[in-house]
Protein chains: 2
Amino acid sequence: MTPPVPYYAVIFTSLRTDEDAAGYADMADRMVALAARQPGFLGVESAREGMGITVRYWRDLASIKAWKANAEHLLAQQAGRSDWYARYKTRIAKVERDYGFDKPA
Amino acid sequence: MTPPVPYYAVIFTSLRTDEDAAGYADMADRMVALAARQPGFLGVESAREGMGITVRYWRDLASIKAWKANAEHLLAQQAGRSDWYARYKTRIAKVERDYGFDKPA
């Protein structure tokens with residue numbers, strides 16, 4: 001899914017409020033689709049189990065900066081702070097090494 | 001939870017097999033406790049929703065290397081490949097920037 005290193009990972013961890021589950025789900029779907037169309041987007045992995053963890057992969061810092069400043073994304077960030085998130089943390093990290101495993105069939 | 005940047009994130013994403021749920025849960029608990037005692041360990045965040053995502057934070061590359069070579073952890077890695085995981089990917093990334101939000105009470 002991701003190219004040879006180096007590339008970037010943006011690790012977003014969050015705790016939801018109880019508010020507006022439908023509005024949140026709607027926004028989350030829109031942001032997934034919108035991010036996937038941004039230049040430099042490489043992929044996303046996401047799971048929620050109490051805490052939510054979303055890791056988006058990007059080609060470089062310029063792509064991350066452009067996505068952060070995207071107009072529709074800015075509105076979602078604002079609604080996130082006013083309604084949907086009790087807290088979150090964003091970490092921007094340069095992937096220096098990766099390796100994996102696929103079980104032989 | 002984490003100190004000022006820079007520090008390291010190890011992003012471990014995985015897909016489980018259907019095998020040995022009890023043995024896996026047992027190992028997972030042991031590895032959480034064991035990792036937390038390693039020098040340079042800063043914290044962990046984890047969620048599973050189909051795919052599992054575990055992000056461990058470390059002070060530096062030397063701490064990560066020592067944890068990877070830990071004897072009990074090596075046995076767990078081996079059992080992971082033979083039994084528990086259909087696939088996984090490990091990414092070692094240097095956190096260059098972070099910021100967060102806490103909803104005012």
# chains A, B, ... in the order shown; residues from 1 in each chain; ligands from 1
>>> interface_residues(of="chain B", to="chain A", cutoff="7 Å", atoms="only C-alpha atoms", output="ChimeraX atom specification")
/B:47-49,51-53,86-103
>>> calpha_fit_and_write(fixed="chain B", moving="chain A", output="mmCIF file with N, CA and C atoms, in the first residue's frame")
data_model
loop_
_atom_site.group_PDB
_atom_site.id
_atom_site.type_symbol
_atom_site.label_atom_id
_atom_site.label_comp_id
_atom_site.auth_asym_id
_atom_site.auth_seq_id
_atom_site.Cartn_x
_atom_site.Cartn_y
_atom_site.Cartn_z
ATOM 1 N N MET A 1 1.249 12.367 27.427
ATOM 2 C CA MET A 1 1.777 11.006 27.509
ATOM 3 C C MET A 1 3.171 10.921 26.894
ATOM 4 N N THR A 2 3.379 11.640 25.805
ATOM 5 C CA THR A 2 4.708 11.600 25.156
ATOM 6 C C THR A 2 5.426 12.924 25.414
ATOM 7 N N PRO A 3 6.761 12.871 25.398
ATOM 8 C CA PRO A 3 7.571 14.067 25.677
ATOM 9 C C PRO A 3 7.605 14.988 24.458
ATOM 10 N N PRO A 4 8.281 16.133 24.568
ATOM 11 C CA PRO A 4 8.458 16.978 23.389
ATOM 12 C C PRO A 4 9.163 16.208 22.265
ATOM 13 N N VAL A 5 8.849 16.541 21.031
ATOM 14 C CA VAL A 5 9.507 15.910 19.881
ATOM 15 C C VAL A 5 10.991 16.279 19.889
ATOM 16 N N PRO A 6 11.851 15.485 19.257
ATOM 17 C CA PRO A 6 11.546 14.248 18.527
ATOM 18 C C PRO A 6 11.534 13.018 19.436
ATOM 19 N N TYR A 7 10.689 12.067 19.067
ATOM 20 C CA TYR A 7 10.707 10.722 19.664
ATOM 21 C C TYR A 7 10.237 9.791 18.548
ATOM 22 N N TYR A 8 10.127 8.507 18.837
ATOM 23 C CA TYR A 8 9.783 7.566 17.775
ATOM 24 C C TYR A 8 8.420 6.913 17.984
ATOM 25 N N ALA A 9 7.758 6.608 16.874
ATOM 26 C CA ALA A 9 6.520 5.827 16.887
ATOM 27 C C ALA A 9 6.751 4.549 16.094
ATOM 28 N N VAL A 10 6.335 3.418 16.641
ATOM 29 C CA VAL A 10 6.327 2.170 15.881
ATOM 30 C C VAL A 10 4.876 1.808 15.631
ATOM 31 N N ILE A 11 4.486 1.866 14.368
ATOM 32 C CA ILE A 11 3.098 1.629 13.967
ATOM 33 C C ILE A 11 2.984 0.183 13.506
ATOM 34 N N PHE A 12 2.218 -0.600 14.234
ATOM 35 C CA PHE A 12 2.055 -2.027 13.921
ATOM 36 C C PHE A 12 0.606 -2.254 13.514
ATOM 37 N N THR A 13 0.370 -2.583 12.243
ATOM 38 C CA THR A 13 -0.989 -2.872 11.777
ATOM 39 C C THR A 13 -1.060 -4.353 11.451
ATOM 40 N N SER A 14 -2.179 -4.980 11.793
ATOM 41 C CA SER A 14 -2.247 -6.435 11.649
ATOM 42 C C SER A 14 -3.654 -6.903 11.340
ATOM 43 N N LEU A 15 -3.697 -8.077 10.735
ATOM 44 C CA LEU A 15 -4.949 -8.785 10.493
ATOM 45 C C LEU A 15 -4.787 -10.150 11.152
ATOM 46 N N ARG A 16 -5.698 -10.488 12.052
ATOM 47 C CA ARG A 16 -5.625 -11.747 12.786
ATOM 48 C C ARG A 16 -6.114 -12.914 11.935
ATOM 49 N N THR A 17 -5.605 -14.108 12.215
ATOM 50 C CA THR A 17 -6.254 -15.327 11.748
ATOM 51 C C THR A 17 -7.410 -15.617 12.716
ATOM 52 N N ASP A 18 -8.139 -16.711 12.481
ATOM 53 C CA ASP A 18 -9.186 -17.095 13.428
ATOM 54 C C ASP A 18 -8.634 -17.990 14.538
ATOM 55 N N GLU A 19 -7.341 -18.250 14.493
ATOM 56 C CA GLU A 19 -6.771 -19.262 15.394
ATOM 57 C C GLU A 19 -6.456 -18.747 16.791
ATOM 58 N N ASP A 20 -6.733 -19.593 17.772
ATOM 59 C CA ASP A 20 -6.158 -19.485 19.110
ATOM 60 C C ASP A 20 -6.402 -18.122 19.767
ATOM 61 N N ALA A 21 -7.672 -17.735 19.857
ATOM 62 C CA ALA A 21 -8.004 -16.420 20.432
ATOM 63 C C ALA A 21 -7.509 -16.291 21.874
ATOM 64 N N ALA A 22 -7.632 -17.375 22.661
ATOM 65 C CA ALA A 22 -7.231 -17.312 24.071
ATOM 66 C C ALA A 22 -5.714 -17.140 24.191
ATOM 67 N N GLY A 23 -4.978 -17.919 23.423
ATOM 68 C CA GLY A 23 -3.515 -17.816 23.457
ATOM 69 C C GLY A 23 -3.050 -16.441 23.007
ATOM 70 N N TYR A 24 -3.719 -15.904 22.009
ATOM 71 C CA TYR A 24 -3.357 -14.581 21.506
ATOM 72 C C TYR A 24 -3.609 -13.501 22.559
ATOM 73 N N ALA A 25 -4.775 -13.549 23.192
ATOM 74 C CA ALA A 25 -5.128 -12.537 24.194
ATOM 75 C C ALA A 25 -4.137 -12.577 25.351
ATOM 76 N N ASP A 26 -3.766 -13.798 25.728
ATOM 77 C CA ASP A 26 -2.802 -14.009 26.795
ATOM 78 C C ASP A 26 -1.447 -13.387 26.441
ATOM 79 N N MET A 27 -0.977 -13.690 25.232
ATOM 80 C CA MET A 27 0.297 -13.130 24.778
ATOM 81 C C MET A 27 0.220 -11.611 24.687
ATOM 82 N N ALA A 28 -0.892 -11.100 24.150
ATOM 83 C CA ALA A 28 -1.018 -9.646 23.984
ATOM 84 C C ALA A 28 -0.905 -8.949 25.342
ATOM 85 N N ASP A 29 -1.582 -9.489 26.350
ATOM 86 C CA ASP A 29 -1.495 -8.913 27.701
ATOM 87 C C ASP A 29 -0.056 -8.947 28.217
ATOM 88 N N ARG A 30 0.631 -10.089 28.017
ATOM 89 C CA ARG A 30 2.007 -10.203 28.508
ATOM 90 C C ARG A 30 2.918 -9.210 27.804
ATOM 91 N N MET A 31 2.720 -9.037 26.490
ATOM 92 C CA MET A 31 3.592 -8.131 25.733
ATOM 93 C C MET A 31 3.350 -6.669 26.136
ATOM 94 N N VAL A 32 2.103 -6.309 26.416
ATOM 95 C CA VAL A 32 1.810 -4.956 26.889
ATOM 96 C C VAL A 32 2.584 -4.670 28.175
ATOM 97 N N ALA A 33 2.536 -5.625 29.115
ATOM 98 C CA ALA A 33 3.216 -5.438 30.400
ATOM 99 C C ALA A 33 4.739 -5.427 30.226
ATOM 100 N N LEU A 34 5.219 -6.316 29.373
ATOM 101 C CA LEU A 34 6.670 -6.438 29.176
ATOM 102 C C LEU A 34 7.243 -5.207 28.464
ATOM 103 N N ALA A 35 6.567 -4.753 27.429
ATOM 104 C CA ALA A 35 7.047 -3.573 26.692
ATOM 105 C C ALA A 35 7.106 -2.357 27.611
ATOM 106 N N ALA A 36 6.107 -2.232 28.483
ATOM 107 C CA ALA A 36 6.031 -1.068 29.373
ATOM 108 C C ALA A 36 7.216 -0.998 30.333
ATOM 109 N N ARG A 37 7.881 -2.133 30.546
ATOM 110 C CA ARG A 37 9.033 -2.139 31.451
ATOM 111 C C ARG A 37 10.359 -1.917 30.724
ATOM 112 N N GLN A 38 10.345 -1.798 29.400
ATOM 113 C CA GLN A 38 11.597 -1.633 28.651
ATOM 114 C C GLN A 38 12.128 -0.207 28.768
ATOM 115 N N PRO A 39 13.455 -0.061 28.812
ATOM 116 C CA PRO A 39 14.043 1.284 28.805
ATOM 117 C C PRO A 39 13.639 2.028 27.529
ATOM 118 N N GLY A 40 13.267 3.260 27.687
ATOM 119 C CA GLY A 40 12.928 4.081 26.530
ATOM 120 C C GLY A 40 11.479 4.002 26.099
ATOM 121 N N PHE A 41 10.699 3.138 26.750
ATOM 122 C CA PHE A 41 9.273 3.032 26.408
ATOM 123 C C PHE A 41 8.529 4.278 26.883
ATOM 124 N N LEU A 42 7.713 4.887 26.012
ATOM 125 C CA LEU A 42 7.012 6.123 26.368
ATOM 126 C C LEU A 42 5.499 5.961 26.478
ATOM 127 N N GLY A 43 4.954 4.936 25.815
ATOM 128 C CA GLY A 43 3.504 4.771 25.881
ATOM 129 C C GLY A 43 2.993 3.936 24.720
ATOM 130 N N VAL A 44 1.714 3.583 24.753
ATOM 131 C CA VAL A 44 1.114 2.762 23.704
ATOM 132 C C VAL A 44 -0.340 3.161 23.519
ATOM 133 N N GLU A 45 -0.801 3.102 22.271
ATOM 134 C CA GLU A 45 -2.212 3.312 21.951
ATOM 135 C C GLU A 45 -2.624 2.215 20.988
ATOM 136 N N SER A 46 -3.800 1.647 21.204
ATOM 137 C CA SER A 46 -4.160 0.444 20.476
ATOM 138 C C SER A 46 -5.656 0.385 20.230
ATOM 139 N N ALA A 47 -6.054 -0.104 19.063
ATOM 140 C CA ALA A 47 -7.472 -0.326 18.765
ATOM 141 C C ALA A 47 -7.572 -1.429 17.728
ATOM 142 N N ARG A 48 -8.609 -2.242 17.834
ATOM 143 C CA ARG A 48 -8.859 -3.238 16.796
ATOM 144 C C ARG A 48 -10.295 -3.113 16.345
ATOM 145 N N GLU A 49 -10.485 -3.084 15.030
ATOM 146 C CA GLU A 49 -11.836 -3.005 14.458
ATOM 147 C C GLU A 49 -11.686 -3.688 13.094
ATOM 148 N N GLY A 50 -11.699 -5.045 13.122
ATOM 149 C CA GLY A 50 -11.250 -5.790 11.941
ATOM 150 C C GLY A 50 -9.742 -5.750 11.929
ATOM 151 N N MET A 51 -9.179 -4.711 11.332
ATOM 152 C CA MET A 51 -7.734 -4.484 11.403
ATOM 153 C C MET A 51 -7.333 -3.995 12.786
ATOM 154 N N GLY A 52 -6.198 -4.413 13.257
ATOM 155 C CA GLY A 52 -5.656 -3.919 14.519
ATOM 156 C C GLY A 52 -4.565 -2.890 14.265
ATOM 157 N N ILE A 53 -4.578 -1.810 15.034
ATOM 158 C CA ILE A 53 -3.515 -0.807 14.959
ATOM 159 C C ILE A 53 -2.955 -0.607 16.369
ATOM 160 N N THR A 54 -1.670 -0.831 16.524
ATOM 161 C CA THR A 54 -1.005 -0.534 17.796
ATOM 162 C C THR A 54 0.138 0.423 17.495
ATOM 163 N N VAL A 55 0.157 1.554 18.208
ATOM 164 C CA VAL A 55 1.262 2.489 18.070
ATOM 165 C C VAL A 55 1.992 2.538 19.401
ATOM 166 N N ARG A 56 3.253 2.146 19.372
ATOM 167 C CA ARG A 56 4.080 2.270 20.585
ATOM 168 C C ARG A 56 5.030 3.428 20.376
ATOM 169 N N TYR A 57 5.263 4.188 21.442
ATOM 170 C CA TYR A 57 6.153 5.343 21.392
ATOM 171 C C TYR A 57 7.417 5.024 22.176
ATOM 172 N N TRP A 58 8.565 5.434 21.597
ATOM 173 C CA TRP A 58 9.868 5.117 22.168
ATOM 174 C C TRP A 58 10.763 6.349 22.107
ATOM 175 N N ARG A 59 11.740 6.362 23.020
ATOM 176 C CA ARG A 59 12.654 7.488 23.105
ATOM 177 C C ARG A 59 13.563 7.594 21.890
ATOM 178 N N ASP A 60 14.043 6.432 21.414
ATOM 179 C CA ASP A 60 15.029 6.459 20.329
ATOM 180 C C ASP A 60 15.089 5.095 19.625
ATOM 181 N N LEU A 61 15.888 5.021 18.569
ATOM 182 C CA LEU A 61 15.989 3.788 17.794
ATOM 183 C C LEU A 61 16.618 2.657 18.603
ATOM 184 N N ALA A 62 17.537 2.978 19.500
ATOM 185 C CA ALA A 62 18.185 1.941 20.305
ATOM 186 C C ALA A 62 17.161 1.210 21.180
ATOM 187 N N SER A 63 16.206 1.946 21.745
ATOM 188 C CA SER A 63 15.156 1.316 22.566
ATOM 189 C C SER A 63 14.308 0.372 21.720
ATOM 190 N N ILE A 64 13.993 0.782 20.499
ATOM 191 C CA ILE A 64 13.171 -0.033 19.596
ATOM 192 C C ILE A 64 13.908 -1.318 19.237
ATOM 193 N N LYS A 65 15.187 -1.180 18.954
ATOM 194 C CA LYS A 65 16.017 -2.325 18.582
ATOM 195 C C LYS A 65 16.104 -3.327 19.744
ATOM 196 N N ALA A 66 16.290 -2.817 20.951
ATOM 197 C CA ALA A 66 16.388 -3.698 22.123
ATOM 198 C C ALA A 66 15.069 -4.438 22.355
ATOM 199 N N TRP A 67 13.944 -3.763 22.189
ATOM 200 C CA TRP A 67 12.635 -4.403 22.364
ATOM 201 C C TRP A 67 12.410 -5.469 21.296
ATOM 202 N N LYS A 68 12.799 -5.174 20.057
ATOM 203 C CA LYS A 68 12.640 -6.165 18.982
ATOM 204 C C LYS A 68 13.430 -7.437 19.283
ATOM 205 N N ALA A 69 14.576 -7.294 19.975
ATOM 206 C CA ALA A 69 15.456 -8.434 20.239
ATOM 207 C C ALA A 69 15.180 -9.091 21.595
ATOM 208 N N ASN A 70 14.223 -8.558 22.353
ATOM 209 C CA ASN A 70 13.882 -9.149 23.663
ATOM 210 C C ASN A 70 13.472 -10.617 23.487
ATOM 211 N N ALA A 71 14.029 -11.503 24.339
ATOM 212 C CA ALA A 71 13.866 -12.953 24.139
ATOM 213 C C ALA A 71 12.394 -13.383 24.146
ATOM 214 N N GLU A 72 11.627 -12.904 25.131
ATOM 215 C CA GLU A 72 10.225 -13.322 25.193
ATOM 216 C C GLU A 72 9.418 -12.730 24.031
ATOM 217 N N HIS A 73 9.790 -11.514 23.651
ATOM 218 C CA HIS A 73 9.140 -10.871 22.507
ATOM 219 C C HIS A 73 9.450 -11.619 21.200
ATOM 220 N N LEU A 74 10.672 -12.132 21.073
ATOM 221 C CA LEU A 74 11.038 -12.913 19.881
ATOM 222 C C LEU A 74 10.152 -14.155 19.746
ATOM 223 N N LEU A 75 9.890 -14.830 20.878
ATOM 224 C CA LEU A 75 9.001 -16.000 20.856
ATOM 225 C C LEU A 75 7.592 -15.583 20.423
ATOM 226 N N ALA A 76 7.129 -14.453 20.916
ATOM 227 C CA ALA A 76 5.791 -13.963 20.544
ATOM 228 C C ALA A 76 5.745 -13.615 19.054
ATOM 229 N N GLN A 77 6.816 -13.011 18.540
ATOM 230 C CA GLN A 77 6.866 -12.681 17.107
ATOM 231 C C GLN A 77 6.767 -13.946 16.256
ATOM 232 N N GLN A 78 7.472 -15.004 16.720
ATOM 233 C CA GLN A 78 7.479 -16.285 16.001
ATOM 234 C C GLN A 78 6.071 -16.913 15.998
ATOM 235 N N ALA A 79 5.436 -16.907 17.178
ATOM 236 C CA ALA A 79 4.073 -17.455 17.270
ATOM 237 C C ALA A 79 3.101 -16.598 16.461
ATOM 238 N N GLY A 80 3.361 -15.312 16.413
ATOM 239 C CA GLY A 80 2.539 -14.412 15.609
ATOM 240 C C GLY A 80 2.543 -14.823 14.147
ATOM 241 N N ARG A 81 3.723 -15.144 13.644
ATOM 242 C CA ARG A 81 3.831 -15.534 12.227
ATOM 243 C C ARG A 81 3.280 -16.935 11.977
ATOM 244 N N SER A 82 3.453 -17.859 12.934
ATOM 245 C CA SER A 82 2.998 -19.235 12.676
ATOM 246 C C SER A 82 1.494 -19.388 12.935
ATOM 247 N N ASP A 83 0.940 -18.604 13.877
ATOM 248 C CA ASP A 83 -0.459 -18.845 14.283
ATOM 249 C C ASP A 83 -1.401 -17.654 14.172
ATOM 250 N N TRP A 84 -1.006 -16.530 14.724
ATOM 251 C CA TRP A 84 -1.990 -15.499 15.049
ATOM 252 C C TRP A 84 -2.278 -14.472 13.947
ATOM 253 N N TYR A 85 -1.289 -14.195 13.109
ATOM 254 C CA TYR A 85 -1.470 -13.123 12.135
ATOM 255 C C TYR A 85 -1.552 -13.646 10.697
ATOM 256 N N ALA A 86 -2.558 -13.190 9.979
ATOM 257 C CA ALA A 86 -2.614 -13.431 8.539
ATOM 258 C C ALA A 86 -1.629 -12.507 7.822
ATOM 259 N N ARG A 87 -1.517 -11.277 8.329
ATOM 260 C CA ARG A 87 -0.474 -10.381 7.857
ATOM 261 C C ARG A 87 -0.275 -9.225 8.826
ATOM 262 N N TYR A 88 0.878 -8.646 8.749
ATOM 263 C CA TYR A 88 1.125 -7.449 9.547
ATOM 264 C C TYR A 88 2.157 -6.582 8.846
ATOM 265 N N LYS A 89 2.227 -5.356 9.295
ATOM 266 C CA LYS A 89 3.255 -4.438 8.810
ATOM 267 C C LYS A 89 3.737 -3.596 9.981
ATOM 268 N N THR A 90 5.028 -3.416 10.059
ATOM 269 C CA THR A 90 5.636 -2.597 11.103
ATOM 270 C C THR A 90 6.296 -1.405 10.437
ATOM 271 N N ARG A 91 6.001 -0.211 10.970
ATOM 272 C CA ARG A 91 6.614 1.010 10.424
ATOM 273 C C ARG A 91 7.297 1.765 11.556
ATOM 274 N N ILE A 92 8.542 2.104 11.352
ATOM 275 C CA ILE A 92 9.319 2.830 12.350
ATOM 276 C C ILE A 92 9.456 4.268 11.879
ATOM 277 N N ALA A 93 8.933 5.191 12.699
ATOM 278 C CA ALA A 93 8.796 6.577 12.232
ATOM 279 C C ALA A 93 9.217 7.566 13.310
ATOM 280 N N LYS A 94 9.917 8.591 12.878
ATOM 281 C CA LYS A 94 10.389 9.629 13.793
ATOM 282 C C LYS A 94 9.349 10.747 13.880
ATOM 283 N N VAL A 95 8.809 10.971 15.069
ATOM 284 C CA VAL A 95 7.792 12.011 15.237
ATOM 285 C C VAL A 95 8.480 13.369 15.260
ATOM 286 N N GLU A 96 8.149 14.194 14.280
ATOM 287 C CA GLU A 96 8.815 15.486 14.111
ATOM 288 C C GLU A 96 7.992 16.633 14.686
ATOM 289 N N ARG A 97 6.665 16.391 14.806
ATOM 290 C CA ARG A 97 5.782 17.453 15.256
ATOM 291 C C ARG A 97 4.555 16.818 15.864
ATOM 292 N N ASP A 98 4.031 17.400 16.932
ATOM 293 C CA ASP A 98 2.739 16.922 17.436
ATOM 294 C C ASP A 98 1.976 18.082 18.063
ATOM 295 N N TYR A 99 0.662 17.950 18.072
ATOM 296 C CA TYR A 99 -0.183 18.966 18.701
ATOM 297 C C TYR A 99 -1.522 18.303 19.026
ATOM 298 N N GLY A 100 -2.218 18.889 19.977
ATOM 299 C CA GLY A 100 -3.433 18.220 20.421
ATOM 300 C C GLY A 100 -4.507 19.189 20.856
ATOM 301 N N PHE A 101 -5.583 18.624 21.326
ATOM 302 C CA PHE A 101 -6.761 19.388 21.725
ATOM 303 C C PHE A 101 -7.420 18.681 22.907
ATOM 304 N N ASP A 102 -7.771 19.443 23.925
ATOM 305 C CA ASP A 102 -8.575 18.921 25.033
ATOM 306 C C ASP A 102 -9.774 19.813 25.196
ATOM 307 N N LYS A 103 -10.949 19.226 25.141
ATOM 308 C CA LYS A 103 -12.170 20.029 25.244
ATOM 309 C C LYS A 103 -12.224 20.703 26.603
ATOM 310 N N PRO A 104 -12.425 22.018 26.642
ATOM 311 C CA PRO A 104 -12.560 22.686 27.935
ATOM 312 C C PRO A 104 -13.740 22.100 28.706
ATOM 313 N N ALA A 105 -13.593 21.925 30.004
ATOM 314 C CA ALA A 105 -14.657 21.313 30.825
ATOM 315 C C ALA A 105 -15.870 22.236 30.896
#
>>> select_by_dssp(residues="segment 23-83 of chain B", states="alpha helix (DSSP H)", output="number ranges by chain")
B: 23-36, 61-68, 71-79
>>> write_last_selection(atoms="C-alpha atoms", output="PDB file, in the first residue's frame")
ATOM      1  CA  GLY B  23      -3.515 -17.822  23.454  1.00  0.00           C
ATOM      2  CA  TYR B  24      -3.355 -14.592  21.499  1.00  0.00           C
ATOM      3  CA  ALA B  25      -5.117 -12.541  24.181  1.00  0.00           C
ATOM      4  CA  ASP B  26      -2.807 -14.001  26.789  1.00  0.00           C
ATOM      5  CA  MET B  27       0.312 -13.135  24.772  1.00  0.00           C
ATOM      6  CA  ALA B  28      -1.014  -9.648  23.993  1.00  0.00           C
ATOM      7  CA  ASP B  29      -1.484  -8.916  27.706  1.00  0.00           C
ATOM      8  CA  ARG B  30       2.009 -10.208  28.507  1.00  0.00           C
ATOM      9  CA  MET B  31       3.596  -8.137  25.735  1.00  0.00           C
ATOM     10  CA  VAL B  32       1.810  -4.960  26.905  1.00  0.00           C
ATOM     11  CA  ALA B  33       3.208  -5.447  30.403  1.00  0.00           C
ATOM     12  CA  LEU B  34       6.670  -6.442  29.176  1.00  0.00           C
ATOM     13  CA  ALA B  35       7.039  -3.566  26.685  1.00  0.00           C
ATOM     14  CA  ALA B  36       6.033  -1.072  29.367  1.00  0.00           C
ATOM     15  CA  LEU B  61      16.009   3.776  17.792  1.00  0.00           C
ATOM     16  CA  ALA B  62      18.183   1.941  20.303  1.00  0.00           C
ATOM     17  CA  SER B  63      15.157   1.320  22.560  1.00  0.00           C
ATOM     18  CA  ILE B  64      13.177  -0.027  19.597  1.00  0.00           C
ATOM     19  CA  LYS B  65      16.012  -2.332  18.568  1.00  0.00           C
ATOM     20  CA  ALA B  66      16.379  -3.690  22.112  1.00  0.00           C
ATOM     21  CA  TRP B  67      12.630  -4.399  22.357  1.00  0.00           C
ATOM     22  CA  LYS B  68      12.628  -6.169  18.983  1.00  0.00           C
ATOM     23  CA  ALA B  71      13.858 -12.949  24.133  1.00  0.00           C
ATOM     24  CA  GLU B  72      10.224 -13.326  25.198  1.00  0.00           C
ATOM     25  CA  HIS B  73       9.150 -10.876  22.516  1.00  0.00           C
ATOM     26  CA  LEU B  74      11.039 -12.909  19.877  1.00  0.00           C
ATOM     27  CA  LEU B  75       9.006 -15.990  20.853  1.00  0.00           C
ATOM     28  CA  ALA B  76       5.801 -13.952  20.550  1.00  0.00           C
ATOM     29  CA  GLN B  77       6.856 -12.691  17.112  1.00  0.00           C
ATOM     30  CA  GLN B  78       7.487 -16.279  16.015  1.00  0.00           C
ATOM     31  CA  ALA B  79       4.075 -17.471  17.276  1.00  0.00           C
TER      32      ALA B  79
END
>>> select_by_dssp(residues="chain B", states="strand (DSSP E or B)", output="VMD selection string")
chain B and resid 7 to 16 41 to 49 51 to 58 85 to 102
>>> write_last_selection(atoms="C-alpha atoms", output="PDB file, in the first residue's frame")
ATOM      1  CA  TYR B   7      10.718  10.735  19.650  1.00  0.00           C
ATOM      2  CA  TYR B   8       9.788   7.563  17.766  1.00  0.00           C
ATOM      3  CA  ALA B   9       6.516   5.829  16.891  1.00  0.00           C
ATOM      4  CA  VAL B  10       6.332   2.171  15.879  1.00  0.00           C
ATOM      5  CA  ILE B  11       3.089   1.635  13.966  1.00  0.00           C
ATOM      6  CA  PHE B  12       2.050  -2.025  13.924  1.00  0.00           C
ATOM      7  CA  THR B  13      -0.992  -2.870  11.782  1.00  0.00           C
ATOM      8  CA  SER B  14      -2.252  -6.431  11.648  1.00  0.00           C
ATOM      9  CA  LEU B  15      -4.945  -8.778  10.490  1.00  0.00           C
ATOM     10  CA  ARG B  16      -5.613 -11.753  12.767  1.00  0.00           C
ATOM     11  CA  PHE B  41       9.264   3.033  26.418  1.00  0.00           C
ATOM     12  CA  LEU B  42       7.018   6.121  26.376  1.00  0.00           C
ATOM     13  CA  GLY B  43       3.505   4.767  25.879  1.00  0.00           C
ATOM     14  CA  VAL B  44       1.108   2.770  23.715  1.00  0.00           C
ATOM     15  CA  GLU B  45      -2.214   3.321  21.964  1.00  0.00           C
ATOM     16  CA  SER B  46      -4.155   0.437  20.493  1.00  0.00           C
ATOM     17  CA  ALA B  47      -7.473  -0.317  18.772  1.00  0.00           C
ATOM     18  CA  ARG B  48      -8.872  -3.234  16.792  1.00  0.00           C
ATOM     19  CA  GLU B  49     -11.853  -3.006  14.456  1.00  0.00           C
ATOM     20  CA  MET B  51      -7.732  -4.472  11.406  1.00  0.00           C
ATOM     21  CA  GLY B  52      -5.666  -3.894  14.523  1.00  0.00           C
ATOM     22  CA  ILE B  53      -3.510  -0.806  14.972  1.00  0.00           C
ATOM     23  CA  THR B  54      -1.009  -0.536  17.808  1.00  0.00           C
ATOM     24  CA  VAL B  55       1.263   2.489  18.074  1.00  0.00           C
ATOM     25  CA  ARG B  56       4.079   2.279  20.587  1.00  0.00           C
ATOM     26  CA  TYR B  57       6.156   5.338  21.408  1.00  0.00           C
ATOM     27  CA  TRP B  58       9.875   5.115  22.177  1.00  0.00           C
ATOM     28  CA  TYR B  85      -1.469 -13.129  12.129  1.00  0.00           C
ATOM     29  CA  ALA B  86      -2.613 -13.436   8.532  1.00  0.00           C
ATOM     30  CA  ARG B  87      -0.479 -10.386   7.846  1.00  0.00           C
ATOM     31  CA  TYR B  88       1.118  -7.459   9.555  1.00  0.00           C
ATOM     32  CA  LYS B  89       3.250  -4.442   8.814  1.00  0.00           C
ATOM     33  CA  THR B  90       5.628  -2.583  11.107  1.00  0.00           C
ATOM     34  CA  ARG B  91       6.612   1.012  10.429  1.00  0.00           C
ATOM     35  CA  ILE B  92       9.319   2.829  12.358  1.00  0.00           C
ATOM     36  CA  ALA B  93       8.786   6.578  12.229  1.00  0.00           C
ATOM     37  CA  LYS B  94      10.393   9.630  13.788  1.00  0.00           C
ATOM     38  CA  VAL B  95       7.788  12.010  15.236  1.00  0.00           C
ATOM     39  CA  GLU B  96       8.816  15.480  14.114  1.00  0.00           C
ATOM     40  CA  ARG B  97       5.781  17.441  15.257  1.00  0.00           C
ATOM     41  CA  ASP B  98       2.738  16.925  17.439  1.00  0.00           C
ATOM     42  CA  TYR B  99      -0.199  18.966  18.702  1.00  0.00           C
ATOM     43  CA  GLY B 100      -3.449  18.218  20.422  1.00  0.00           C
ATOM     44  CA  PHE B 101      -6.765  19.381  21.732  1.00  0.00           C
ATOM     45  CA  ASP B 102      -8.563  18.931  25.036  1.00  0.00           C
TER      46      ASP B 102
END
>>> decode(residues="segment 72-85 of chain A", atoms="C-alpha atoms", output="compact mmCIF listing (two decimals), in the first residue's frame")
# COMPACT_ATOMS: atom_id res chain seq x y z
CA GLU A 72 -13.74 21.58 3.76
CA HIS A 73 -11.29 19.84 6.07
CA LEU A 74 -10.88 23.08 8.07
CA LEU A 75 -14.65 23.15 8.67
CA ALA A 76 -14.52 19.51 9.83
CA GLN A 77 -11.61 20.30 12.18
CA GLN A 78 -13.65 23.16 13.67
CA ALA A 79 -16.73 20.96 14.17
CA GLY A 80 -14.45 18.31 15.63
CA ARG A 81 -13.32 20.69 18.35
CA SER A 82 -16.77 22.17 19.07
CA ASP A 83 -18.80 18.92 18.96
CA TRP A 84 -17.28 15.58 18.19
CA TYR A 85 -14.00 15.17 20.07
